[in-house]
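upload20.cif (mmCIF, C-alpha atoms)
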data_input
#
loop_
_atom_site.label_atom_id
_atom_site.label_comp_id
_atom_site.auth_asym_id
_atom_site.auth_seq_id
_atom_site.Cartn_x
_atom_site.Cartn_y
_atom_site.Cartn_z
CA MET G 81 12.50 -25.11 38.67
CA ASN G 82 12.95 -22.43 36.04
CA LEU G 83 14.22 -24.25 32.95
CA SER G 84 17.23 -22.81 31.23
CA GLU G 85 20.02 -24.28 29.14
CA SER G 86 22.50 -23.57 31.90
CA ASN G 87 20.61 -25.27 34.71
CA ILE G 88 19.89 -28.30 32.51
CA THR G 89 23.61 -28.44 31.70
CA THR G 90 24.40 -28.35 35.43
CA LEU G 91 22.14 -31.37 35.92
CA LEU G 92 23.66 -33.25 32.97
CA GLU G 93 27.13 -32.60 34.39
CA GLN G 94 26.11 -35.02 37.12
CA VAL G 95 25.44 -37.81 34.59
CA MET G 96 28.66 -39.77 34.26
CA ASP G 97 29.83 -42.04 31.45
CA PRO G 98 28.85 -45.56 32.60
CA GLU G 99 32.22 -46.98 31.54
CA ILE G 100 34.41 -44.05 32.67
CA PRO G 101 32.84 -42.73 35.88
CA THR G 102 35.19 -39.73 36.18
CA ILE G 103 33.84 -37.95 33.10
CA SER G 104 30.38 -36.46 32.65
CA ILE G 105 28.49 -36.75 29.39
CA VAL G 106 28.73 -32.96 29.03
CA ASP G 107 32.53 -32.99 29.26
CA LEU G 108 32.64 -36.00 26.95
CA GLY G 109 30.96 -33.75 24.37
CA ILE G 110 28.06 -36.01 23.45
CA VAL G 111 25.26 -33.63 24.44
CA THR G 112 24.59 -31.87 21.16
CA GLY G 113 21.21 -30.35 21.86
CA ILE G 114 19.22 -28.92 24.76
CA ASP G 115 15.91 -27.59 23.46
CA ILE G 116 13.49 -26.12 25.96
CA GLU G 117 9.84 -25.64 25.13
CA ASP G 118 7.52 -24.45 27.90
CA ASP G 119 7.94 -26.94 30.75
CA ALA G 120 9.64 -29.71 28.73
CA VAL G 121 13.16 -30.30 27.51
CA LYS G 122 14.46 -32.28 24.56
CA ILE G 123 18.00 -33.61 24.90
CA THR G 124 19.96 -34.77 21.87
CA LEU G 125 22.93 -37.10 22.30
CA THR G 126 25.40 -38.13 19.60
CA PRO G 127 27.16 -41.53 19.63
CA THR G 128 30.89 -41.70 20.29
CA PHE G 129 30.99 -44.85 18.16
CA SER G 130 28.03 -46.16 16.20
CA GLY G 131 28.49 -49.56 17.85
CA CYS G 132 28.77 -48.20 21.39
CA PRO G 133 26.62 -50.37 23.67
CA ALA G 134 26.55 -47.68 26.40
CA LEU G 135 24.42 -45.36 24.29
CA LYS G 136 21.00 -46.71 25.30
CA ILE G 137 22.13 -46.73 28.94
CA MET G 138 23.20 -43.09 28.70
CA GLU G 139 19.83 -42.12 27.21
CA GLU G 140 18.15 -43.79 30.18
CA MET G 141 20.51 -42.15 32.67
CA VAL G 142 19.69 -38.71 31.26
CA ALA G 143 15.96 -39.43 31.40
CA ASP G 144 16.27 -40.72 34.98
CA LYS G 145 18.15 -37.64 36.05
CA LEU G 146 15.55 -35.28 34.60
CA ASN G 147 12.63 -37.38 35.86
CA GLY G 148 14.21 -37.19 39.32
CA GLU G 149 13.87 -33.40 39.09
CA ASN G 150 10.31 -33.70 37.77
CA ILE G 151 11.31 -32.23 34.43
CA LYS G 152 9.32 -33.44 31.44
CA ASN G 153 11.83 -34.71 28.90
CA GLU G 154 12.53 -36.53 25.70
CA VAL G 155 15.98 -37.96 24.98
CA ILE G 156 17.01 -38.82 21.45
CA THR G 157 20.18 -39.93 19.68
CA SER G 158 21.12 -38.28 16.42
CA PHE G 159 24.08 -38.36 14.05
CA LYS G 160 23.34 -34.85 12.85
CA LYS G 161 26.34 -33.45 14.68
CA GLN G 162 29.04 -36.12 14.55
CA TRP G 163 31.14 -36.62 17.63
CA ASN G 164 34.93 -36.44 17.51
CA THR G 165 37.45 -36.35 20.33
CA ASN G 166 38.08 -32.60 19.95
CA MET G 167 34.60 -32.18 21.47
CA ILE G 168 35.89 -33.45 24.85
CA SER G 169 36.37 -30.44 27.17
CA GLU G 170 39.68 -29.59 28.89
CA LYS G 171 38.09 -30.70 32.15
CA GLY G 172 37.08 -33.91 30.39
CA LEU G 173 40.65 -34.63 29.30
CA GLU G 174 41.76 -34.28 32.94
CA ALA G 175 38.94 -36.56 34.04
CA LEU G 176 40.09 -39.26 31.59
CA LYS G 177 43.60 -39.04 32.98
CA LYS G 178 42.24 -39.36 36.50
CA HIS G 179 40.70 -42.66 35.42
CA GLY G 180 44.13 -43.84 34.21
CA LEU G 181 43.41 -43.27 30.52
CA ALA G 182 45.78 -41.28 28.34
CA PRO G 183 43.65 -38.44 26.93
CA PRO G 184 43.37 -38.20 23.13
CA PRO G 185 45.61 -35.57 21.52
CA ARG G 186 43.80 -32.71 19.78
CA HIS G 187 43.72 -33.34 16.05
CA LYS G 188 43.17 -31.34 12.89
CA GLY G 189 40.52 -33.51 11.33
CA TYR G 190 42.58 -36.53 10.36
CA ILE G 191 44.33 -39.23 12.37
CA GLU G 192 47.65 -40.79 11.48
CA LEU G 193 49.33 -43.75 13.10
CA ASP G 194 52.17 -41.70 14.61
CA VAL G 195 49.69 -39.62 16.61
CA LEU G 196 48.84 -42.81 18.44
CA SER G 197 52.39 -44.00 18.97
CA ASP G 198 53.23 -40.66 20.58
CA THR G 199 50.95 -41.00 23.61
CA PRO G 200 52.34 -39.82 26.97
CA CYS G 201 51.99 -42.28 29.86
CA PRO G 202 49.14 -41.19 32.20
CA LEU G 203 51.01 -42.69 35.16
CA CYS G 204 54.50 -41.15 34.88
CA ASN G 205 54.02 -38.65 32.00
CA SER G 206 56.93 -40.16 30.05
CA ARG G 207 56.78 -39.98 26.26
CA ASN G 208 58.91 -43.10 25.99
CA THR G 209 55.92 -45.27 25.17
CA THR G 210 54.78 -47.58 22.42
CA MET G 211 51.32 -48.38 21.12
CA GLN G 212 50.54 -52.07 21.17
CA THR G 213 47.19 -51.99 19.43
CA PRO G 214 44.68 -49.31 18.42
CA PHE G 215 41.90 -51.56 19.77
CA GLY G 216 41.17 -52.04 23.45
CA PRO G 217 38.63 -53.28 26.00
CA THR G 218 36.05 -50.81 24.67
CA LEU G 219 35.68 -49.29 21.19
CA CYS G 220 37.05 -45.93 22.33
CA ARG G 221 40.33 -47.22 23.80
CA SER G 222 43.76 -48.19 22.52
CA MET G 223 46.48 -50.11 24.40
CA HIS G 224 50.00 -48.86 25.09
CA TYR G 225 53.13 -49.75 27.03
CA CYS G 226 55.37 -47.34 28.93
CA LYS G 227 59.06 -48.13 28.58
CA ASN G 228 59.89 -45.75 31.43
CA CYS G 229 57.69 -46.99 34.28
CA LEU G 230 57.15 -50.41 32.65
CA ASN G 231 53.38 -50.31 32.94
CA GLY G 232 50.77 -51.12 30.36
CA PHE G 233 48.16 -48.40 30.01
CA GLU G 234 45.11 -47.56 27.96
CA GLY G 235 44.50 -44.50 25.87
CA PHE G 236 41.28 -42.85 24.80
CA LYS G 237 41.89 -42.90 21.08
CA PRO G 238 41.56 -39.84 18.90
CA VAL G 239 38.63 -39.99 16.50
CA SER G 240 38.13 -37.57 13.63
CA MET K 60 15.51 -31.48 -4.93
CA GLU K 61 12.35 -33.55 -4.78
CA LEU K 62 12.97 -37.31 -4.68
CA THR K 63 10.87 -39.31 -7.10
CA GLU K 64 9.43 -42.73 -6.27
CA ARG K 65 12.16 -44.23 -8.42
CA HIS K 66 14.83 -42.41 -6.37
CA VAL K 67 13.34 -43.69 -3.14
CA GLU K 68 13.33 -47.23 -4.52
CA GLY K 69 16.96 -46.90 -5.59
CA LEU K 70 17.91 -45.35 -2.29
CA LYS K 71 16.34 -48.22 -0.37
CA HIS K 72 18.21 -50.70 -2.54
CA LEU K 73 21.46 -48.85 -1.79
CA LEU K 74 20.69 -48.69 1.95
CA TYR K 75 19.83 -52.39 2.14
CA LYS K 76 23.11 -53.45 0.57
CA MET K 77 25.02 -51.00 2.75
CA ALA K 78 23.34 -52.36 5.90
CA ASP K 79 23.38 -56.06 4.99
CA ASP K 80 27.11 -56.10 4.17
CA PRO K 81 28.32 -54.93 7.61
CA TRP K 82 25.60 -56.89 9.39
CA ILE K 83 26.79 -60.16 7.83
CA ILE K 84 30.53 -59.52 7.94
CA GLY K 85 30.21 -58.18 11.49
CA HIS K 86 28.46 -61.36 12.53
CA ILE K 87 30.80 -63.67 10.67
CA ASN K 88 33.99 -61.98 11.93
CA SER K 89 32.73 -62.23 15.51
CA GLU K 90 33.27 -65.98 15.05
CA TRP K 91 36.93 -65.15 15.62
CA THR K 92 36.25 -63.87 19.14
CA GLY K 93 38.26 -66.08 21.49
CA MET K 94 39.90 -67.93 18.58
CA VAL K 95 42.39 -65.50 17.02
CA PRO K 96 46.07 -66.54 17.13
CA ILE K 97 47.06 -63.60 19.39
CA LEU K 98 45.17 -61.63 22.03
CA GLU K 99 45.53 -58.15 20.50
CA GLU K 100 44.15 -59.46 17.23
CA ASP K 101 41.26 -61.08 19.02
CA ILE K 102 40.33 -57.69 20.47
CA ALA K 103 40.89 -55.93 17.16
CA PHE K 104 38.70 -58.31 15.19
CA SER K 105 35.98 -58.23 17.83
CA SER K 106 36.08 -54.41 18.01
CA MET K 107 35.84 -54.05 14.25
CA ALA K 108 32.96 -56.56 14.16
CA GLN K 109 31.20 -54.47 16.82
CA ASP K 110 31.66 -51.32 14.72
CA LYS K 111 30.09 -53.11 11.74
CA ILE K 112 27.03 -54.16 13.71
CA GLY K 113 26.62 -50.58 14.96
CA GLN K 114 26.92 -49.23 11.43
CA SER K 115 24.35 -51.69 10.09
CA LEU K 116 21.93 -50.70 12.86
CA ALA K 117 22.28 -47.01 11.99
CA ILE K 118 21.42 -47.75 8.35
CA TYR K 119 18.53 -50.09 9.22
CA ASN K 120 17.25 -47.19 11.33
CA ILE K 121 17.29 -44.89 8.31
CA LEU K 122 15.34 -47.54 6.37
CA HIS K 123 12.87 -47.73 9.24
CA GLU K 124 12.36 -43.97 9.06
CA MET K 125 11.61 -44.45 5.36
CA GLY K 126 8.82 -46.86 6.20
CA GLU K 127 10.61 -50.21 6.30
CA GLN K 128 10.19 -52.58 9.27
CA GLU K 129 11.97 -52.31 12.63
CA PRO K 130 15.74 -53.04 12.51
CA ASP K 131 15.40 -56.27 14.54
CA THR K 132 12.65 -57.55 12.27
CA VAL K 133 14.65 -56.72 9.17
CA ALA K 134 17.84 -58.26 10.55
CA PHE K 135 16.38 -61.43 12.03
CA THR K 136 13.40 -62.49 9.96
CA ARG K 137 14.46 -62.40 6.32
CA ASN K 138 15.50 -65.41 4.28
CA ALA K 139 18.73 -65.44 2.30
CA SER K 140 16.96 -64.49 -0.94
CA SER K 141 15.81 -61.20 0.64
CA PHE K 142 19.35 -60.20 1.64
CA HIS K 143 21.33 -57.76 -0.51
CA CYS K 144 24.79 -58.47 0.87
CA SER K 145 27.62 -59.24 -1.54
CA GLN K 146 28.90 -62.78 -1.95
CA LEU K 147 32.23 -61.70 -0.45
CA VAL K 148 30.90 -61.13 3.06
CA GLU K 149 28.99 -64.41 3.35
CA GLN K 150 32.04 -66.62 2.75
CA PRO K 151 33.07 -68.63 5.84
CA ILE K 152 35.91 -67.16 7.90
CA GLY K 153 38.33 -69.81 6.63
CA GLU K 154 41.93 -69.57 7.78
CA TYR K 155 43.04 -66.35 9.45
CA ASP K 156 44.93 -65.24 6.33
CA PHE K 157 41.68 -65.28 4.33
CA SER K 158 39.79 -63.32 7.01
CA LEU K 159 42.57 -60.73 7.20
CA VAL K 160 42.70 -60.24 3.45
CA ARG K 161 38.92 -60.07 3.19
CA HIS K 162 38.93 -57.44 5.94
CA PHE K 163 41.53 -55.45 3.99
CA LEU K 164 39.57 -55.57 0.72
CA TYR K 165 36.20 -55.00 2.36
CA ASP K 166 37.18 -52.14 4.64
CA TYR K 167 38.82 -50.17 1.86
CA ALA K 168 35.60 -50.48 -0.13
CA ASP K 169 33.50 -49.30 2.83
CA ALA K 170 35.86 -46.42 3.61
CA ILE K 171 35.63 -45.20 -0.01
CA ARG K 172 31.85 -45.63 -0.14
CA PHE K 173 31.37 -43.72 3.14
CA ASP K 174 33.66 -40.99 1.95
CA MET K 175 31.72 -40.60 -1.30
CA LEU K 176 28.37 -40.64 0.46
CA SER K 177 29.41 -38.03 3.02
CA ASN K 178 28.55 -35.56 0.24
CA SER K 179 25.24 -37.15 -0.66
CA ILE K 180 22.26 -34.83 -0.91
CA PHE K 181 20.37 -37.46 1.08
CA GLU K 182 21.14 -35.94 4.46
CA PRO K 183 20.36 -38.88 6.82
CA LEU K 184 22.85 -41.07 4.95
CA ALA K 185 25.48 -38.34 4.60
CA MET K 186 25.38 -37.77 8.37
CA VAL K 187 26.03 -41.38 9.35
CA CYS K 188 28.69 -41.79 6.65
CA LYS K 189 30.62 -38.85 8.08
CA LYS K 190 30.57 -40.65 11.41
CA PHE K 191 31.53 -44.05 9.96
CA ARG K 192 34.50 -42.53 8.12
CA GLY K 193 36.31 -41.81 11.38
CA GLU K 194 35.70 -45.35 12.60
CA LEU K 195 36.86 -46.92 9.35
CA LYS K 196 40.17 -45.10 9.61
CA TYR K 197 41.20 -47.57 12.31
CA HIS K 198 40.06 -50.53 10.25
CA THR K 199 42.10 -49.66 7.17
CA MET K 200 45.06 -48.73 9.36
CA HIS K 201 44.87 -52.18 10.98
CA ALA K 202 44.60 -53.90 7.60
CA ASN K 203 47.59 -52.00 6.19
CA ILE K 204 49.84 -53.06 9.05
CA TRP K 205 49.06 -56.75 8.69
CA ILE K 206 49.18 -56.93 4.90
CA LYS K 207 52.58 -55.27 4.97
CA ASP K 208 53.98 -57.23 7.94
CA LEU K 209 52.88 -60.63 6.66
CA ALA K 210 53.98 -59.91 3.09
CA GLU K 211 57.40 -58.99 4.43
CA GLY K 212 57.50 -61.76 7.05
CA ASN K 213 58.81 -65.02 5.67
CA GLU K 214 58.14 -67.15 2.63
CA GLU K 215 55.22 -68.94 4.23
CA SER K 216 53.47 -65.78 5.41
CA LYS K 217 53.98 -64.11 2.04
CA ASN K 218 52.61 -67.12 0.16
CA ARG K 219 49.63 -67.33 2.45
CA ILE K 220 48.75 -63.67 1.97
CA GLN K 221 49.20 -63.89 -1.80
CA ASN K 222 47.04 -67.03 -2.00
CA ALA K 223 44.35 -65.46 0.16
CA LEU K 224 44.47 -62.40 -2.06
CA ASP K 225 44.09 -64.51 -5.19
CA LYS K 226 41.03 -66.12 -3.66
CA ALA K 227 39.38 -63.07 -2.10
CA TYR K 228 40.05 -60.43 -4.75
CA PRO K 229 37.60 -61.73 -7.40
CA MET K 230 35.00 -62.15 -4.65
CA ALA K 231 35.57 -58.56 -3.53
CA LEU K 232 34.56 -57.31 -6.98
CA SER K 233 31.03 -58.41 -6.06
CA LEU K 234 30.96 -55.40 -3.71
CA PHE K 235 30.76 -53.18 -6.79
CA GLU K 236 28.08 -55.06 -8.70
CA PRO K 237 26.31 -52.28 -10.60
CA SER K 238 22.69 -51.65 -9.80
CA GLU K 239 19.89 -50.66 -12.16
CA PHE K 240 19.53 -47.46 -10.11
CA ASP K 241 23.15 -46.26 -10.35
CA LYS K 242 22.57 -43.77 -13.16
CA GLU K 243 19.56 -42.08 -11.57
CA LEU K 244 21.14 -41.97 -8.11
CA CYS K 245 24.19 -40.36 -9.65
CA GLU K 246 22.16 -37.75 -11.55
CA ALA K 247 20.28 -36.92 -8.34
CA GLU K 248 23.63 -36.51 -6.52
CA ILE K 249 22.66 -39.21 -4.04
CA PHE K 250 25.46 -41.66 -4.87
CA SER K 251 28.11 -41.47 -7.61
CA GLY K 252 27.73 -45.16 -8.38
CA GLU K 253 29.49 -48.51 -8.10
CA ASP K 254 31.83 -47.98 -11.05
CA GLU K 255 33.38 -44.91 -9.51
CA CYS K 256 33.64 -46.67 -6.16
CA ARG K 257 35.43 -49.61 -7.82
CA THR K 258 37.85 -47.39 -9.73
CA ILE K 259 39.01 -45.65 -6.55
CA TRP K 260 39.15 -48.96 -4.70
CA GLU K 261 41.32 -50.64 -7.35
CA LYS K 262 43.75 -47.76 -7.16
CA GLU K 263 43.93 -47.67 -3.35
CA VAL K 264 44.13 -51.41 -2.59
CA GLY K 265 46.41 -51.81 -5.60
CA SER K 266 48.94 -49.42 -4.17
CA VAL K 267 48.99 -51.22 -0.78
CA ILE K 268 49.39 -54.58 -2.55
CA VAL K 269 52.25 -53.37 -4.73
CA GLU K 270 53.99 -51.57 -1.87
CA ALA K 271 53.87 -54.78 0.17
CA GLY K 272 55.63 -56.62 -2.70
CA LEU K 273 52.56 -58.67 -3.56
CA GLU K 274 50.87 -59.11 -6.90
CA ILE K 275 47.48 -57.73 -7.90
CA PRO K 276 45.44 -60.74 -9.07
CA GLN K 277 44.47 -60.69 -12.75
CA ILE K 278 40.76 -61.24 -13.11
CA SER K 279 39.26 -62.84 -16.22
CA ASP K 280 35.61 -62.65 -15.19
CA SER K 281 34.78 -59.83 -12.78
CA LYS K 282 31.12 -60.89 -12.69
CA GLU K 283 31.84 -64.35 -11.30
CA PHE K 284 30.50 -63.51 -7.84
CA TYR K 285 27.73 -61.10 -8.85
CA GLY K 286 24.13 -61.67 -7.81
CA GLY K 287 24.16 -60.95 -4.08
CA ARG K 288 22.76 -57.47 -4.52
CA ASN K 289 19.61 -59.00 -5.97
CA GLY K 290 19.24 -61.93 -3.60
CA LYS K 291 21.34 -64.57 -5.36
CA HIS K 292 23.64 -66.02 -2.73
CA THR K 293 26.10 -68.84 -2.19
CA GLU K 294 25.17 -71.94 -0.18
CA HIS K 295 26.84 -70.33 2.85
CA LEU K 296 24.31 -67.59 3.63
CA GLN K 297 21.16 -69.48 4.65
CA PRO K 298 22.92 -71.74 7.22
CA LEU K 299 24.61 -68.61 8.60
CA LEU K 300 21.23 -66.87 8.99
CA ASP K 301 19.70 -69.98 10.57
CA GLU K 302 22.42 -70.05 13.17
CA MET K 303 22.36 -66.30 13.74
CA THR K 304 18.60 -66.22 14.33
CA GLU K 305 18.31 -69.50 16.26
CA VAL K 306 17.67 -67.86 19.64
CA PHE K 307 15.45 -65.13 18.19
CA GLN K 308 13.29 -67.73 16.44
CA ILE K 309 12.57 -69.56 19.70
CA ASP K 310 10.63 -66.52 20.94
CA PRO K 311 10.54 -63.51 18.62
CA THR K 312 8.57 -61.46 21.17
CA ALA K 313 10.94 -62.08 24.09
CA ASP K 314 12.05 -59.02 26.02
CA TRP K 315 15.81 -58.75 26.51
#
For the file at hand, write its structure as structure tokens.
Amino acid sequence: MNLSESNITTLLEQVMDPEIPTISIVDLGIVTGIDIEDDAVKITLTPTFSGCPALKIMEEMVADKLNGENIKNEVITSFKKQWNTNMISEKGLEALKKHGLAPPPRHKGYIELDVLSDTPCPLCNSRNTTMQTPFGPTLCRSMHYCKNCLNGFEGFKPVS
Amino acid sequence: MELTERHVEGLKHLLYKMADDPWIIGHINSEWTGMVPILEEDIAFSSMAQDKIGQSLAIYNILHEMGEQEPDTVAFTRNASSFHCSQLVEQPIGEYDFSLVRHFLYDYADAIRFDMLSNSIFEPLAMVCKKFRGELKYHTMHANIWIKDLAEGNEESKNRIQNALDKAYPMALSLFEPSEFDKELCEAEIFSGEDECRTIWEKEVGSVIVEAGLEIPQISDSKEFYGGRNGKHTEHLQPLLDEMTEVFQIDPTADW
């Protein structure tokens, strides 16, 4: 295979977040470097949260994917470019919704409490919702309740 | 600029205290998992504890890149006297009011420290601090809600929060114990120092305390809980480390 940034990206688009299988790591925005040198590629990932336990697994998934294509690779994690939720692609936001998670609103570099309380329900799209807690089953999720369809739902919380 | 040996020594001292604090408080607050009075709080406390452990790992990794031992070795094989955590973080979890107030005082200090260090000329630290800042936002937000709600709850909740504040506040000053390296680190634009950190902290936590209708404790001896930064700890730390490392000690070479 002729190595190029675009065909490596195509391969990485098939590597899904282990906790949210509808979104790829590319759409999640955590691939911050694809460096090709001769017949080898170096992939840089950035953590969503510094305490995210899925990080090591994602490194391995990327390596497995590239090994499966017989591409020499090195996968590293670096904080050099810090992840924030604005790095999730439009397609990624849709993918989160498909998984039943309210996508994070775009932000301007800072997060206030009212951004979180104004989260539309991913099930019925109503804005008549309330945030119950900014912490959820994983570090990246918050918990909400929809007063329109009377369902509890989770949101992917905005991070600056 | 070129870092001198003295700068590197001071930087390592700063990194150790910044890694040991979240490592210990992250561990100790995880004792609340499954025990917190309400479910949402259980998840919140556990999530924040998980963030702390992740943050400590990132800083131990920087130390490792500077020639110190592997993060696991550093975290699991030192005795209390080699730890640089403050005496605030090693206190037992106590009643929930104490843990909540400690979380409020501690997380404001961390948020301020991370903010200051985001501009450090020491790039590896500045990078992780920029990341931690976003995470800390949720911690201080959580603390604000509870301090305010409990202070405005009923007489019992207000008294409990005030008493916890009176107990924890002097301990929290140990977070800002000056170090012998502060001046040089400041001149090198690595870290503006503990005094500046404390000044901002007093202003920020003070305004939350006053807004909640509580009183800022008056401190007669702000050095009462000093010592942790140089390995002088309370009787609580060694038993905590013994428990934390119990499984690791059985077989330090085990593969997980």
Item to complete: State, in Å with one decimal place, the distance from CA of Leu244 in chain K to CA of Asp174 in chain K.
Response: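 Result for CA of Leu244 in chain K versus CA of Asp174 in chain K: 16.1 Å, one decimal.
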Practice prompt. Report the residues retrieved by the PyMOL selection byres ((chain G and resi 101-112) around 6) from the displayed file, expressed as a list of chain:residue names.
Written response: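 That selection, the PyMOL selection byres ((chain G and resi 101-112) around 6), comes back as G:Glu93, G:Val95, G:Met96, G:Asp97, G:Pro98, G:Ile100, G:Gly113, G:Thr124, G:Leu125, G:Thr126, G:Met167, G:Ile168, G:Ser169, G:Gly172, G:Ala175.
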Practice prompt. Give the residues of chain G that lie within 12 Å of chain K; count only C-alpha atoms, and format the answer as a PyMOL selection string.
Written response: chain G and resi 126-135+157-165+189-194+196+211-224+237-240
12 Å contact set for Glu261 in chain K, all atoms listed in the file, chain neighbours under 3 positions out, as a PDB file with C-alpha atoms, in the frame of the given file:
ATOM      1  CA  LEU K 164      39.570 -55.570   0.720  1.00  0.00           C
ATOM      2  CA  TYR K 165      36.200 -55.000   2.360  1.00  0.00           C
ATOM      3  CA  TYR K 167      38.820 -50.170   1.860  1.00  0.00           C
ATOM      4  CA  ALA K 168      35.600 -50.480  -0.130  1.00  0.00           C
ATOM      5  CA  ILE K 171      35.630 -45.200  -0.010  1.00  0.00           C
ATOM      6  CA  TYR K 228      40.050 -60.430  -4.750  1.00  0.00           C
ATOM      7  CA  PRO K 229      37.600 -61.730  -7.400  1.00  0.00           C
ATOM      8  CA  ALA K 231      35.570 -58.560  -3.530  1.00  0.00           C
ATOM      9  CA  LEU K 232      34.560 -57.310  -6.980  1.00  0.00           C
ATOM     10  CA  LEU K 234      30.960 -55.400  -3.710  1.00  0.00           C
ATOM     11  CA  PHE K 235      30.760 -53.180  -6.790  1.00  0.00           C
ATOM     12  CA  ASP K 254      31.830 -47.980 -11.050  1.00  0.00           C
ATOM     13  CA  GLU K 255      33.380 -44.910  -9.510  1.00  0.00           C
ATOM     14  CA  CYS K 256      33.640 -46.670  -6.160  1.00  0.00           C
ATOM     15  CA  ARG K 257      35.430 -49.610  -7.820  1.00  0.00           C
ATOM     16  CA  THR K 258      37.850 -47.390  -9.730  1.00  0.00           C
ATOM     17  CA  VAL K 264      44.130 -51.410  -2.590  1.00  0.00           C
ATOM     18  CA  GLY K 265      46.410 -51.810  -5.600  1.00  0.00           C
ATOM     19  CA  SER K 266      48.940 -49.420  -4.170  1.00  0.00           C
ATOM     20  CA  VAL K 267      48.990 -51.220  -0.780  1.00  0.00           C
ATOM     21  CA  ILE K 268      49.390 -54.580  -2.550  1.00  0.00           C
ATOM     22  CA  VAL K 269      52.250 -53.370  -4.730  1.00  0.00           C
ATOM     23  CA  ILE K 275      47.480 -57.730  -7.900  1.00  0.00           C
ATOM     24  CA  PRO K 276      45.440 -60.740  -9.070  1.00  0.00           C
ATOM     25  CA  GLN K 277      44.470 -60.690 -12.750  1.00  0.00           C
TER      26      GLN K 277
END
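Among the candidates G:Asp115, G:Gly235, G:Gly148, G:Ser206, the one nearest to Lys177 in chain G when counting only C-alpha atoms is G:Gly235.
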